[in-house]
Amino acid sequence: MELIEYIESRRDEHLSELMEFLRIQSVSAKSEHKPDIGRAAQWVAEKLRGAGLENIEIVPTKMHPLVYGESLHTPGKPTILFYGHYDVQPAEPLELWTSSAFEPAVRNGNLFGRGTADDKGQVHIHIKALEALQKTAGKLPINVKVMIEGEEEVGSVSLWDFVKQNRDRLKADALVVSDTSMLAKGVPSITYGLRGLNYYQIEIAGPAQDLHSGVFGGAVPNPITILAETIGKLHDKNSQVAVPSFYEDVAILSRQERKALNSLPWKEKEFRKTVGAPALCGEKGYSIVEQLWTRPTLELNGIWGGYTGEGAKTVIPSKAYAKLSTRLVPNQNPAKIAKLLERHIRKLLPRSVTCKFELLSTGKPWVASYSHPIFQKAIQALQAGFGRKAVFIREGGSIPFVTQMHDTFNVPCVLLGFGLPDENAHAPDEHIALENYFGGIKAVALFYEQLATL
Ligand code: BES
Ligand code: MN
Ligand code: MN
């Protein structure tokens, strides 16, 4: 049977198999899901075997295992490394899901469930594309290495060691990743830039223990007040980060790139609708696309301390906490930014408190040229799968492995995104458009087939 016909004929099987994958609660951030992580790794290994890959290994790491497989039977043809992740973000707050997070459901042409878009659905696209090639041609048209990790959502902490110890095994002519988004529905997109990410936690400590606010209030430092004051000083009134030297190394966009990014078929109205806030408040002097893709930020991710339960409790808490992160762009250096931020926060704090500053994970920004001929193959395949010419975009999210790969092997990284910006990745009601899931399988199968003629 011909490739596309084969893929079309298997739509129902593909969808129900993806649902099986989605039911596994492989939340990497929570230790209670460790057994689910193990089951997801097993599941991936089994499906890779079904797609004709060999030497399949579930590699234990300090945290969560990664799954590796390969098929190297076409000497002289290109070798690609496909990377994705089987772990997902926590599903909380559960009560905000229309249908339950780990019981996938189809509504209005979308498949809902944690991991549909990020990244199980997109990983499954590649597994099924490889399987279709294997089943219709009897072997894969190119050499393929596949690595699916289980700790992307917590910063790919163990991955770097694995890459360093397995340089030869992972060596390829190109990296292929599907863990990003399309610019908009119907607009196939290739991502050539990602922001980097540093993630921090701070603990502000005042009194040695919680204190009665009537007995002590007025004379002792309140860590929550001090944390809030400090956080309030991290941005200026133009929404710029107020950490000295924060912007020092930021690369200036060329006029051409600025023009190209600002003339993409991107609709501000859609963006505003997705955000759903009364107004936007980005850095002055930059378009929204520039703010999202080319400018660094400092974000508060969470803040806690004191009493937050039912009713009232009069207390001056001993400690207050915040989780914050910086999105980084070329040519910022993550280690330097961490130092600048820590120094600035310590300077802002009064002597009445102490501060523990932790860097939880770190990842470099990435931007690369897309002149390599492999990108022409990607454009052709996406055109065949989606009926429209692909655009080249940058994105604001982070995938630490892409930078590691690019730095280690200096090979083209082809990021084919099949998610959409309004599909609620990391949020309740995450979903993937079925047309992008099915279209993705076709496009990826054609892409791998076409790579044989590169
Ligand atoms: N798939 C995303 C990255 C992404 C999202 C790229 C949107 C482009 C557009 C990935 O799973 C992710 O969420 N990464 C984390 C970073 C990680 C170190 C926790 C992120 O970007 O917050
Ligand atoms: Mn992802
Ligand atoms: Mn994610």
# chains A, B, ... in the order shown; residues from 1 in each chain; ligands from 1
call {"tool": "closest_atom_pairs", "arguments": {"of": "region 251-360 of chain A", "to": "region 203-225 of chain A", "cutoff": "8 Å", "atoms": "only C-alpha atoms", "output": "JSON lines"}}
result
{"residue": "A:Gly305", "atom": "CA", "partner": "A:Ile224", "partner_atom": "CA", "distance": 6.7}
{"residue": "A:Gly306", "atom": "CA", "partner": "A:Ile224", "partner_atom": "CA", "distance": 7.7}
{"residue": "A:Thr314", "atom": "CA", "partner": "A:Ser213", "partner_atom": "CA", "distance": 5.5}
{"residue": "A:Val315", "atom": "CA", "partner": "A:Ser213", "partner_atom": "CA", "distance": 4.7}
{"residue": "A:Ile316", "atom": "CA", "partner": "A:Leu211", "partner_atom": "CA", "distance": 5.1}
{"residue": "A:Pro317", "atom": "CA", "partner": "A:Asp210", "partner_atom": "CA", "distance": 4.6}
{"residue": "A:Ser318", "atom": "CA", "partner": "A:Asp210", "partner_atom": "CA", "distance": 4.7}
{"residue": "A:Lys319", "atom": "CA", "partner": "A:Ala205", "partner_atom": "CA", "distance": 4.5}
{"residue": "A:Ala320", "atom": "CA", "partner": "A:Ile204", "partner_atom": "CA", "distance": 5.2}
{"residue": "A:Tyr321", "atom": "CA", "partner": "A:Glu203", "partner_atom": "CA", "distance": 4.6}
{"residue": "A:Ala322", "atom": "CA", "partner": "A:Glu203", "partner_atom": "CA", "distance": 6.8}
{"residue": "A:Ser352", "atom": "CA", "partner": "A:Pro221", "partner_atom": "CA", "distance": 6.1}
{"residue": "A:Val353", "atom": "CA", "partner": "A:Gly206", "partner_atom": "CA", "distance": 4.6}
{"residue": "A:Thr354", "atom": "CA", "partner": "A:Ala205", "partner_atom": "CA", "distance": 5.2}
{"residue": "A:Cys355", "atom": "CA", "partner": "A:Ile204", "partner_atom": "CA", "distance": 4.7}
{"residue": "A:Lys356", "atom": "CA", "partner": "A:Glu203", "partner_atom": "CA", "distance": 5.0}
{"residue": "A:Phe357", "atom": "CA", "partner": "A:Glu203", "partner_atom": "CA", "distance": 6.7}
call {"tool": "write_last_selection", "arguments": {"atoms": "C-alpha atoms", "output": "PDB file, in the first residue's frame"}}
result
ATOM      1  CA  GLY A 305       4.185  32.109  52.760  1.00  0.00           C
ATOM      2  CA  GLY A 306       2.155  32.701  55.916  1.00  0.00           C
ATOM      3  CA  THR A 314      -3.063  36.479  62.854  1.00  0.00           C
ATOM      4  CA  VAL A 315       0.541  35.606  62.251  1.00  0.00           C
ATOM      5  CA  ILE A 316       3.828  37.099  61.166  1.00  0.00           C
ATOM      6  CA  PRO A 317       5.397  34.309  59.168  1.00  0.00           C
ATOM      7  CA  SER A 318       8.948  33.294  59.692  1.00  0.00           C
ATOM      8  CA  LYS A 319       9.536  32.793  55.973  1.00  0.00           C
ATOM      9  CA  ALA A 320       8.276  33.800  52.534  1.00  0.00           C
ATOM     10  CA  TYR A 321       9.068  32.205  49.200  1.00  0.00           C
ATOM     11  CA  ALA A 322       8.944  32.916  45.494  1.00  0.00           C
ATOM     12  CA  SER A 352      16.359  42.429  58.896  1.00  0.00           C
ATOM     13  CA  VAL A 353      16.045  39.271  56.759  1.00  0.00           C
ATOM     14  CA  THR A 354      18.279  36.637  55.203  1.00  0.00           C
ATOM     15  CA  CYS A 355      17.861  35.148  51.756  1.00  0.00           C
ATOM     16  CA  LYS A 356      18.481  31.732  50.252  1.00  0.00           C
ATOM     17  CA  PHE A 357      18.813  32.023  46.472  1.00  0.00           C
TER      18      PHE A 357
END
call {"tool": "residues_around", "arguments": {"residues": "region 293-295 of chain A", "least_positions_apart": "4", "cutoff": "6 Å", "atoms": "only C-alpha atoms", "output": "PyMOL selection string"}}
result
chain A and resi 394-396
call {"tool": "write_last_selection", "arguments": {"atoms": "all heavy atoms", "output": "PDB file, in the first residue's frame"}}
result
ATOM      1  N   ARG A 394      10.295  32.331  15.294  1.00  0.00           N
ATOM      2  CA  ARG A 394      10.990  32.061  16.548  1.00  0.00           C
ATOM      3  C   ARG A 394       9.906  31.882  17.588  1.00  0.00           C
ATOM      4  O   ARG A 394       8.759  32.233  17.354  1.00  0.00           O
ATOM      5  CB  ARG A 394      11.918  33.234  16.910  1.00  0.00           C
ATOM      6  CG  ARG A 394      13.158  33.248  16.045  1.00  0.00           C
ATOM      7  CD  ARG A 394      13.956  34.526  16.177  1.00  0.00           C
ATOM      8  NE  ARG A 394      14.576  34.696  17.492  1.00  0.00           N
ATOM      9  CZ  ARG A 394      15.563  35.570  17.727  1.00  0.00           C
ATOM     10  NH1 ARG A 394      16.034  36.321  16.751  1.00  0.00           N
ATOM     11  NH2 ARG A 394      16.082  35.690  18.937  1.00  0.00           N
ATOM     12  N   GLU A 395      10.245  31.317  18.738  1.00  0.00           N
ATOM     13  CA  GLU A 395       9.253  31.167  19.796  1.00  0.00           C
ATOM     14  C   GLU A 395       9.862  31.551  21.137  1.00  0.00           C
ATOM     15  O   GLU A 395      11.082  31.603  21.295  1.00  0.00           O
ATOM     16  CB  GLU A 395       8.702  29.745  19.836  1.00  0.00           C
ATOM     17  CG  GLU A 395       7.733  29.471  18.680  1.00  0.00           C
ATOM     18  CD  GLU A 395       7.016  28.147  18.836  1.00  0.00           C
ATOM     19  OE1 GLU A 395       7.604  27.126  18.450  1.00  0.00           O
ATOM     20  OE2 GLU A 395       5.895  28.128  19.351  1.00  0.00           O
ATOM     21  N   GLY A 396       8.970  31.770  22.085  1.00  0.00           N
ATOM     22  CA  GLY A 396       9.426  32.235  23.395  1.00  0.00           C
ATOM     23  C   GLY A 396       9.722  31.130  24.384  1.00  0.00           C
ATOM     24  O   GLY A 396      10.379  31.356  25.390  1.00  0.00           O
TER      25      GLY A 396
END
call {"tool": "select_by_dssp", "arguments": {"residues": "region 33-105 of chain A", "states": "strand (DSSP E)", "output": "ChimeraX atom specification"}}
result
/A:54-59,66-71,79-85,105
call {"tool": "write_last_selection", "arguments": {"atoms": "all heavy atoms", "output": "short mmCIF file (atom, residue, chain, number, x, y, z; two decimals), in the first residue's frame"}}
result
data_model
loop_
_atom_site.label_atom_id
_atom_site.label_comp_id
_atom_site.auth_asym_id
_atom_site.auth_seq_id
_atom_site.Cartn_x
_atom_site.Cartn_y
_atom_site.Cartn_z
N GLU A 54 15.48 -0.52 16.52
CA GLU A 54 16.24 -1.59 17.18
C GLU A 54 17.12 -1.03 18.29
O GLU A 54 17.21 0.18 18.45
CB GLU A 54 17.15 -2.28 16.16
CG GLU A 54 16.40 -2.86 14.98
CD GLU A 54 17.30 -2.96 13.76
OE1 GLU A 54 18.38 -2.35 13.75
OE2 GLU A 54 16.91 -3.65 12.82
N ASN A 55 17.80 -1.95 18.97
CA ASN A 55 18.70 -1.57 20.07
C ASN A 55 17.99 -0.64 21.05
O ASN A 55 18.55 0.37 21.50
CB ASN A 55 19.97 -0.88 19.55
CG ASN A 55 20.71 -1.79 18.57
OD1 ASN A 55 20.69 -3.01 18.72
ND2 ASN A 55 21.31 -1.20 17.56
N ILE A 56 16.77 -0.98 21.32
CA ILE A 56 15.98 -0.12 22.18
C ILE A 56 16.41 -0.26 23.62
O ILE A 56 16.63 -1.37 24.11
CB ILE A 56 14.49 -0.42 21.99
CG1 ILE A 56 14.13 0.05 20.58
CG2 ILE A 56 13.63 0.28 23.04
CD1 ILE A 56 12.85 -0.40 20.07
N GLU A 57 16.55 0.88 24.25
CA GLU A 57 17.07 0.88 25.62
C GLU A 57 16.28 1.87 26.46
O GLU A 57 15.98 2.96 25.99
CB GLU A 57 18.51 1.40 25.56
CG GLU A 57 19.54 0.46 26.15
CD GLU A 57 20.88 1.14 26.19
OE1 GLU A 57 21.57 1.14 25.15
OE2 GLU A 57 21.23 1.70 27.24
N ILE A 58 15.96 1.45 27.66
CA ILE A 58 15.40 2.40 28.62
C ILE A 58 16.55 2.76 29.55
O ILE A 58 17.00 1.92 30.33
CB ILE A 58 14.21 1.79 29.38
CG1 ILE A 58 13.08 1.47 28.39
CG2 ILE A 58 13.72 2.73 30.47
CD1 ILE A 58 11.87 0.80 29.00
N VAL A 59 17.07 3.94 29.41
CA VAL A 59 18.29 4.32 30.11
C VAL A 59 17.95 5.00 31.43
O VAL A 59 17.33 6.07 31.44
CB VAL A 59 19.13 5.31 29.26
CG1 VAL A 59 20.45 5.63 29.93
CG2 VAL A 59 19.34 4.75 27.85
N LEU A 66 15.35 7.80 30.13
CA LEU A 66 15.08 8.21 28.75
C LEU A 66 15.05 6.97 27.88
O LEU A 66 15.62 5.92 28.23
CB LEU A 66 16.09 9.25 28.27
CG LEU A 66 17.57 8.90 28.25
CD1 LEU A 66 17.95 8.27 26.92
CD2 LEU A 66 18.37 10.16 28.48
N VAL A 67 14.38 7.07 26.76
CA VAL A 67 14.22 5.92 25.87
C VAL A 67 14.97 6.20 24.60
O VAL A 67 14.83 7.28 24.00
CB VAL A 67 12.72 5.67 25.57
CG1 VAL A 67 12.57 4.37 24.77
CG2 VAL A 67 11.91 5.60 26.85
N TYR A 68 15.79 5.21 24.20
CA TYR A 68 16.59 5.36 22.99
C TYR A 68 16.33 4.20 22.05
O TYR A 68 16.14 3.05 22.49
CB TYR A 68 18.08 5.43 23.34
CG TYR A 68 18.95 5.56 22.12
CD1 TYR A 68 19.18 6.80 21.54
CD2 TYR A 68 19.49 4.42 21.49
CE1 TYR A 68 19.93 6.92 20.38
CE2 TYR A 68 20.25 4.54 20.34
CZ TYR A 68 20.46 5.79 19.78
OH TYR A 68 21.19 5.91 18.64
N GLY A 69 16.30 4.45 20.76
CA GLY A 69 16.18 3.39 19.76
C GLY A 69 16.78 3.88 18.46
O GLY A 69 16.96 5.08 18.25
N GLU A 70 17.12 2.94 17.57
CA GLU A 70 17.74 3.37 16.31
C GLU A 70 17.45 2.40 15.18
O GLU A 70 17.05 1.24 15.41
CB GLU A 70 19.26 3.52 16.48
CG GLU A 70 19.93 2.23 16.90
CD GLU A 70 21.41 2.40 17.30
OE1 GLU A 70 21.84 3.52 17.61
OE2 GLU A 70 22.12 1.39 17.26
N SER A 71 17.62 2.87 13.97
CA SER A 71 17.55 2.02 12.78
C SER A 71 18.58 2.58 11.82
O SER A 71 18.45 3.70 11.34
CB SER A 71 16.15 2.10 12.17
OG SER A 71 16.17 1.47 10.90
N THR A 79 21.53 10.61 8.48
CA THR A 79 21.12 10.11 9.79
C THR A 79 20.48 11.27 10.55
O THR A 79 21.10 12.31 10.69
CB THR A 79 22.34 9.61 10.58
OG1 THR A 79 22.98 8.59 9.80
CG2 THR A 79 21.94 9.06 11.94
N ILE A 80 19.27 11.04 11.03
CA ILE A 80 18.66 12.09 11.85
C ILE A 80 18.48 11.58 13.28
O ILE A 80 18.35 10.38 13.52
CB ILE A 80 17.31 12.61 11.30
CG1 ILE A 80 16.24 11.51 11.32
CG2 ILE A 80 17.47 13.19 9.90
CD1 ILE A 80 15.23 11.68 12.38
N LEU A 81 18.50 12.53 14.21
CA LEU A 81 18.16 12.21 15.60
C LEU A 81 16.84 12.90 15.89
O LEU A 81 16.73 14.13 15.77
CB LEU A 81 19.25 12.74 16.55
CG LEU A 81 18.91 12.65 18.04
CD1 LEU A 81 18.80 11.20 18.51
CD2 LEU A 81 19.98 13.38 18.88
N PHE A 82 15.83 12.10 16.24
CA PHE A 82 14.56 12.69 16.65
C PHE A 82 14.51 12.74 18.16
O PHE A 82 14.79 11.76 18.84
CB PHE A 82 13.35 11.90 16.11
CG PHE A 82 12.06 12.37 16.73
CD1 PHE A 82 11.56 13.64 16.46
CD2 PHE A 82 11.35 11.57 17.63
CE1 PHE A 82 10.40 14.11 17.07
CE2 PHE A 82 10.18 12.03 18.24
CZ PHE A 82 9.71 13.30 17.96
N TYR A 83 14.16 13.90 18.69
CA TYR A 83 14.08 14.10 20.14
C TYR A 83 12.68 14.56 20.54
O TYR A 83 12.05 15.36 19.86
CB TYR A 83 15.09 15.16 20.59
CG TYR A 83 14.79 15.76 21.94
CD1 TYR A 83 15.21 15.13 23.11
CD2 TYR A 83 14.05 16.93 22.05
CE1 TYR A 83 14.90 15.67 24.36
CE2 TYR A 83 13.74 17.48 23.29
CZ TYR A 83 14.16 16.84 24.44
OH TYR A 83 13.85 17.37 25.66
N GLY A 84 12.19 14.02 21.65
CA GLY A 84 10.91 14.49 22.19
C GLY A 84 10.86 14.13 23.67
O GLY A 84 11.82 13.59 24.21
N HIS A 85 9.74 14.43 24.34
CA HIS A 85 9.64 14.05 25.75
C HIS A 85 8.29 13.40 26.05
O HIS A 85 7.27 13.81 25.50
CB HIS A 85 9.92 15.23 26.69
CG HIS A 85 9.00 16.41 26.58
ND1 HIS A 85 7.89 16.55 27.38
CD2 HIS A 85 9.02 17.50 25.78
CE1 HIS A 85 7.28 17.71 27.09
NE2 HIS A 85 7.95 18.29 26.11
N ALA A 105 -10.42 13.00 25.58
CA ALA A 105 -11.75 13.08 24.97
C ALA A 105 -11.70 13.99 23.75
O ALA A 105 -10.94 14.97 23.73
CB ALA A 105 -12.74 13.65 25.99
#
call {"tool": "residues_near_ligand", "arguments": {"ligand": "ligand 1", "cutoff": "7 Å", "atoms": "only C-alpha atoms and all ligand atoms", "output": "VMD selection string"}}
result
chain A and resid 118 to 119 152 to 156 179 to 181 194 197 361 363 395 to 400
call {"tool": "select_by_dssp", "arguments": {"residues": "region 71-164 of chain A", "states": "helix (DSSP H, G or I)", "output": "PyMOL selection string"}}
result
chain A and resi 94-96+120-137+152-154+159-164
call {"tool": "atom_distance", "arguments": {"atom1": "CA of Pro365 (chain A)", "atom2": "CA of Val329 (chain A)"}}
result
5.1 Å
